[in-house]
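For reference, the structure is listed below as C-alpha cells.
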Amino acid sequence: MMLTPDEIARRKEFLDLTESDAELLRGFHNDLESIHAEKLFAELFYSHLQSFPDLHSLLPDAATINRLKDIQAKYFLRLTAGDYGEEYVLDRIKVGYTHQKIGLDTKWYIGAYRKYLSIVLTRLSSISGYNEEKSKATFDALLKVVFFDMGLALDTYSHDARKELLHLANHDALTGLPNRILLNDRIEQAILHSHRAKNKIAVLFIDLDRFKNINDSLGHHIGDQVISAVSVNILESLREGDTVARVGGDEFVVVLSGIAREEHIASVAEQILNCIEQPIYAYTHELYVSASIGIAIYPMDGESSDELLKNADAAMYKSKREGCRSFRFYQQDMNVFTPARFKLETRLRQALEKNEFVLHYQPQIEMSTGRIVGVEALIRWQTDEGMIPPADFIPLAEETGLIIAIGEWALKKACQQAAAWHRAGSIAPFRVAVNLSALQFRGQDIAETVSRILNETGCKSEWLELEITESTVMEQPERAAETLKKLDRMNVTIAIDDFGTGYSSLAYLKRFPIHKLKIDRSFVIGIASDHDDASIVRAVIALAHSMKLQVTGEGIDTREQLDYLFKLGCDYAQGYLISRPLAFKEINTLLSDAPARFSPNLQPFAISLKCNPEIPDFDANVYRDCRVLRNGDHAICLASESNCGYLEPQGNLCEHPLGQHFHNAESDY
C-alpha cells in the first residue's frame with residue numbers, strides 16, 4: 001500500500017467524492033456551526049462512551065473528558081469543512097496513530113463514526129432549508145467523506161503500513177524532503193548537539209524568485225517539475241549530513257551543522273544559488289530560476305527552531321527586497337518594526353473593503369501647446385488617522401501580493417473617471433495614465449484584465465495609458481513582448497516609466513510595441529546644471545524620436561528644467577512646477593478651467609505661471625532667442641510666423657534676425 005497523492009485521488013474517485021460534494025458540505029458546515037452542532041455531537045458521543053466500562057481507563061476524570069470533548073468537537077466539525085487535501089489527510093493519519101498508540105480498538109473507532117452519522121441524520125430535518133432531496137444529497141456526500149476518513153485512520157492500524165505513513169506524515173509528498181514537522185525536530189536535535197560541541201549551526205531560508213510566473217504561465221504540472229529539480233540541485237550542493245526541507249510551495253530550508261566560521265556559510269549559500277540556477281528541463285521547456293536566501297545562526301540569532309526560522313525568513317525578505325539572486329545574514333534591526341508591519345499589513349488587507357483608497361491626478365502637458373493632454377492617476381490611502389504615504393504601503397503591498405487587487409482597483413477607478421470626463425466633454429484627446437506593478441504585469445493576464453475593465457467602465461482604449469517600469473519588461477522580455485503586443489492591438493498607449501534607471505537600451509526596446517518613454521526624474525533634477533544628465537536626456541530624446549517614440553519629462557520642479565527640456569524637444573512635461581497631484585475635486589476644477597489657462601499658442605515659459613499661480617510673474621525679456629513652435633515634423637519660427645530657414649535642425653532655437661522679445665508671454669501668444 002502506497003499512500004501517494006495518486007492513491008488518495010483514486011480513493012476519492014472510487015467513493016465518488018467530488019468537488020460538488022465538497023461544495024455541498026461547505027454549505028452544510030456553516031449551518032452546523034450556526035447551531036453549534038459539533039458540541040452537541042461531542043456531548044452525546046461521550047455520554048455514550050461513558051456507559052462502557054472498558055473505556056473508563058481512558059476517561060479517568062471530568063477534566064480529561066472535557067478536554068477530549070473539545071478535541072472531538074473540532075474533529076467532527078472538520079468532516080464537513082469541504083477541504084480534503086494533503087493537510088487533511090496528514091491530520092487524519094496522525095489521529096489514527098494516536099488512537100492505536102493509546103490502545104483504542106478499531107471497534108470503538110468505527111462506533112464513533114456510526115454514532116456521528118446517526119446524530120447528523122436525526123438533526124438534518126430540523127435545519128431550516130433542508131427538504132428531502134437536499135437532505136439526501138447532503139447525507140450521501142457526508143457518507144463519502146466519513147468512509148474516506150475512516151479508511152485513512154484505519155490504515156494506521158496496519159503494521160506494514162505504519163512505516164510508510166510515518167514517512168508521509170513527516171515528508172513532503174512531491175520532493176520526498178522533510179516537511180516542517182520533521183524540520184523542527186532536526187533543528188532542535190542540531191541545537192542540542194551544537195550546545196554540547198560548542199559550535200554553531202546555520203538555518204538558511206530559501207525562496208525562489210518569481211516562481212509564481214511559472215505556475216501562472218506554464219501550469220502547475222511544470223511548476224511541480226521545477227520544484228522537484230530544484231530540490232535535487234540543492235541536495236547536490238550540500239554535505240551528506242546537512243538537512244534540506246521543503247516548507248512551502250517554493251520555499252526550502254537548509255540546516256548546516258558543526259559550523260566553525262561564518263565564511264563557510266556564505267560559501268555554501270553561494271554554492272546553493274549557483275546550483276539552483278542550473279537549467280531545468282520540464283517537458284519541452286528550458287527554464288532558469290534564481291533564489292533569495294536568508295541566514296540565521298545559532299546561538300546569536302535564536303535559541304529555538306521557531307526563532308531561527310523566523311529570523312532566517314526576515315533575512316530572506318531583506319534579500320528579496322534588495323534584489324533577487326542574493327543572500328543576507330540576519331541582523332537584529334530586521335525585526336525591529338515587525339509588530340508595526342503586521343499591524344499595517346492587517347489594515348492594508350482591510351483597506352479595499354473599507355473603501356479607503358483614493359486616486360489623485362497629476363496633470364501632463366504638451367510642450368508645444370501648453371495644453372493639458374492627460375493626467376497620471378496616483379493611488380493614496382486615506383485612513384481615519386490621516387493619509388498614509390505610498391512609500392509606506394506600496395512596498396508592503398508588493399511583498400504580500402496585495403498590489404494585484406489594489407492595482408486592479410486603481411485601474412478600474414481610473415477608467416471610470418476617464419469615461420466620466422469624456423462624457424462631460426473634457427478636452428480631447430485626453431488620457432489617464434495608470435501605473436502597472438511588476439506583479440500585475442507578470443502574475444496575471446493583464447491584457448484580459450484591461451479588456452474586461454474597459455468593457456465594464458465604458459472607457460475607450462485610446463483614453464488609457466499604461467505605465468510599466470523598464471526593469472519589469474526586461475525581466476522576461478519574450479513574455480513581456482507578447483503581453484505588450486496584446487495591449488497594443490487593443491489601441492492602449494504604453495509608456496515605459498522611470499526610463500534610464502534599468503538595464504535596457506532603446507535598441508532592445510525597439511522590439512516592444514511601446515509609444516512613450518518617461519525620463520526618470522533623477523536625470524531631470526540636474527538637467528540644467530549637470531552636463532552628464534543633460535547629455536543623457538538629449539541622447540534619449542533624439543534616439544526616441546528617431547524610433548517614433550514620444551518622450552515625457554517627469555519630476556519637473558523648476559522653470560530651468562522646463563526650459564531645458566523644451567529646448568531639447570521633449571514632447572510632454574509633468575511635475576510639481578506644473579501641478580502637484582490633485583484630489584478629485586481639485587483636478588475637476590483645473591480641467592474645467594483648462595481652456596482658459598492653456599491657450600493653444602501658449603509658450604512653455606508661461607505654463608508655470610498658469611499651472612501654478614503661487615509662482616510670481618517674471619520678466620520674460622531675458623528670453624531673447626527666437627522660439628519655435630513644433631507640430632509633428634514641422635517647426636514654425638514664431639518671430640516670422642512662417643517656416644524659418646535659420647532653424648537649427650536638432651533644436652528649438654533659431655538665429656532669425658528679428659530676435660523676438662517676450663514682454664508678456666500670455667498676451668503675445
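Identifiers in this document derive from the order of the C-alpha cells: chains are assigned A, B, ..., residues are numbered from 1 separately in each chain, and ligands are numbered from 1 in order of occurrence.
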Spatial neighbours of A:Ile519, max dist 7 Å, only C-alpha atoms, sep filter under 4 positions, as a PDB file with C-alpha atoms, in the first residue's frame:
ATOM      1  CA  ASP A 498      11.463  55.586 -14.979  1.00  0.00           C
ATOM      2  CA  PHE A 499      13.426  55.210 -18.191  1.00  0.00           C
ATOM      3  CA  GLY A 500      17.195  55.246 -17.681  1.00  0.00           C
ATOM      4  CA  THR A 552       7.681  62.755 -21.244  1.00  0.00           C
ATOM      5  CA  GLY A 553       9.897  64.500 -18.741  1.00  0.00           C
ATOM      6  CA  GLU A 554       8.689  63.846 -15.193  1.00  0.00           C
TER       7      GLU A 554
END
Any chance you could list, as a ChimeraX atom specification, the residues in stretch 108-351 of chain A that come up alpha helix (DSSP H) when DSSP is run on the backbone?
-> /A:108-124,132-155,159-170,180-197,211-218,220-236,262-276,305-322,338-351
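Taking atom CA of A:Glu376 and atom CA of A:Ala433 as endpoints, the distance between them is 4.5 Å.
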Would you mind listing what lies within 12 Å of stretch 380-397 of chain A as a PyMOL selection string, with only C-alpha atoms counted and same-chain residues fewer than 2 positions away left out?
-> chain A and resi 317-318+320-322+338+340-352+354-361+377-378+399-407+410+435+437-440+581-584
What would the file look like if the residues just selected were written as a PDB file, in the first residue's frame with C-alpha atoms?
ATOM      1  CA  TYR A 317      12.733  39.071   2.704  1.00  0.00           C
ATOM      2  CA  LYS A 318      15.500  41.629   3.138  1.00  0.00           C
ATOM      3  CA  LYS A 320      14.498  39.757  -1.892  1.00  0.00           C
ATOM      4  CA  ARG A 321      13.765  43.456  -1.401  1.00  0.00           C
ATOM      5  CA  GLU A 322      17.361  44.426  -2.135  1.00  0.00           C
ATOM      6  CA  THR A 338       7.758  43.590  12.778  1.00  0.00           C
ATOM      7  CA  ALA A 340       4.098  47.609  13.254  1.00  0.00           C
ATOM      8  CA  ARG A 341       4.500  45.851   9.922  1.00  0.00           C
ATOM      9  CA  PHE A 342       1.988  43.173  10.893  1.00  0.00           C
ATOM     10  CA  LYS A 343      -0.442  45.855  12.042  1.00  0.00           C
ATOM     11  CA  LEU A 344      -0.001  47.779   8.793  1.00  0.00           C
ATOM     12  CA  GLU A 345      -0.432  44.600   6.741  1.00  0.00           C
ATOM     13  CA  THR A 346      -3.681  43.790   8.557  1.00  0.00           C
ATOM     14  CA  ARG A 347      -5.006  47.293   7.913  1.00  0.00           C
ATOM     15  CA  LEU A 348      -3.867  47.099   4.300  1.00  0.00           C
ATOM     16  CA  ARG A 349      -5.816  43.872   3.769  1.00  0.00           C
ATOM     17  CA  GLN A 350      -8.947  45.632   5.029  1.00  0.00           C
ATOM     18  CA  ALA A 351      -8.410  48.897   3.147  1.00  0.00           C
ATOM     19  CA  LEU A 352     -10.155  47.811  -0.056  1.00  0.00           C
ATOM     20  CA  LYS A 354     -13.367  49.785   3.792  1.00  0.00           C
ATOM     21  CA  ASN A 355     -13.059  51.845   0.586  1.00  0.00           C
ATOM     22  CA  GLU A 356     -10.061  53.746   1.978  1.00  0.00           C
ATOM     23  CA  PHE A 357      -8.111  54.102  -1.264  1.00  0.00           C
ATOM     24  CA  VAL A 358      -8.479  57.227  -3.396  1.00  0.00           C
ATOM     25  CA  LEU A 359      -6.877  58.428  -6.603  1.00  0.00           C
ATOM     26  CA  HIS A 360      -5.098  61.737  -7.033  1.00  0.00           C
ATOM     27  CA  TYR A 361      -4.299  63.047 -10.501  1.00  0.00           C
ATOM     28  CA  ALA A 377      -3.555  58.518 -11.624  1.00  0.00           C
ATOM     29  CA  LEU A 378      -1.694  58.052  -8.349  1.00  0.00           C
ATOM     30  CA  GLU A 399       5.701  41.998  -0.914  1.00  0.00           C
ATOM     31  CA  THR A 400       2.389  40.467   0.213  1.00  0.00           C
ATOM     32  CA  GLY A 401       0.849  40.272  -3.261  1.00  0.00           C
ATOM     33  CA  LEU A 402      -1.961  42.662  -2.280  1.00  0.00           C
ATOM     34  CA  ILE A 403      -0.743  45.013  -5.009  1.00  0.00           C
ATOM     35  CA  ILE A 404      -2.599  42.904  -7.593  1.00  0.00           C
ATOM     36  CA  ALA A 405      -6.026  43.592  -6.078  1.00  0.00           C
ATOM     37  CA  ILE A 406      -5.107  47.192  -5.239  1.00  0.00           C
ATOM     38  CA  GLY A 407      -3.727  47.775  -8.729  1.00  0.00           C
ATOM     39  CA  ALA A 410      -6.899  51.680  -9.281  1.00  0.00           C
ATOM     40  CA  ASN A 435       0.916  52.502 -13.276  1.00  0.00           C
ATOM     41  CA  SER A 437       3.085  46.943 -10.826  1.00  0.00           C
ATOM     42  CA  ALA A 438       5.527  44.203 -11.751  1.00  0.00           C
ATOM     43  CA  LEU A 439       3.284  41.616 -10.071  1.00  0.00           C
ATOM     44  CA  GLN A 440       0.273  42.784 -12.075  1.00  0.00           C
ATOM     45  CA  PRO A 581      -1.106  65.553  -7.713  1.00  0.00           C
ATOM     46  CA  LEU A 582      -4.632  66.787  -7.090  1.00  0.00           C
ATOM     47  CA  ALA A 583      -7.626  65.231  -5.376  1.00  0.00           C
ATOM     48  CA  PHE A 584     -10.734  64.636  -7.465  1.00  0.00           C
TER      49      PHE A 584
END
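What separates atom CA of A:Ser368 from atom CA of A:Leu568 is a distance of 11.8 Å.
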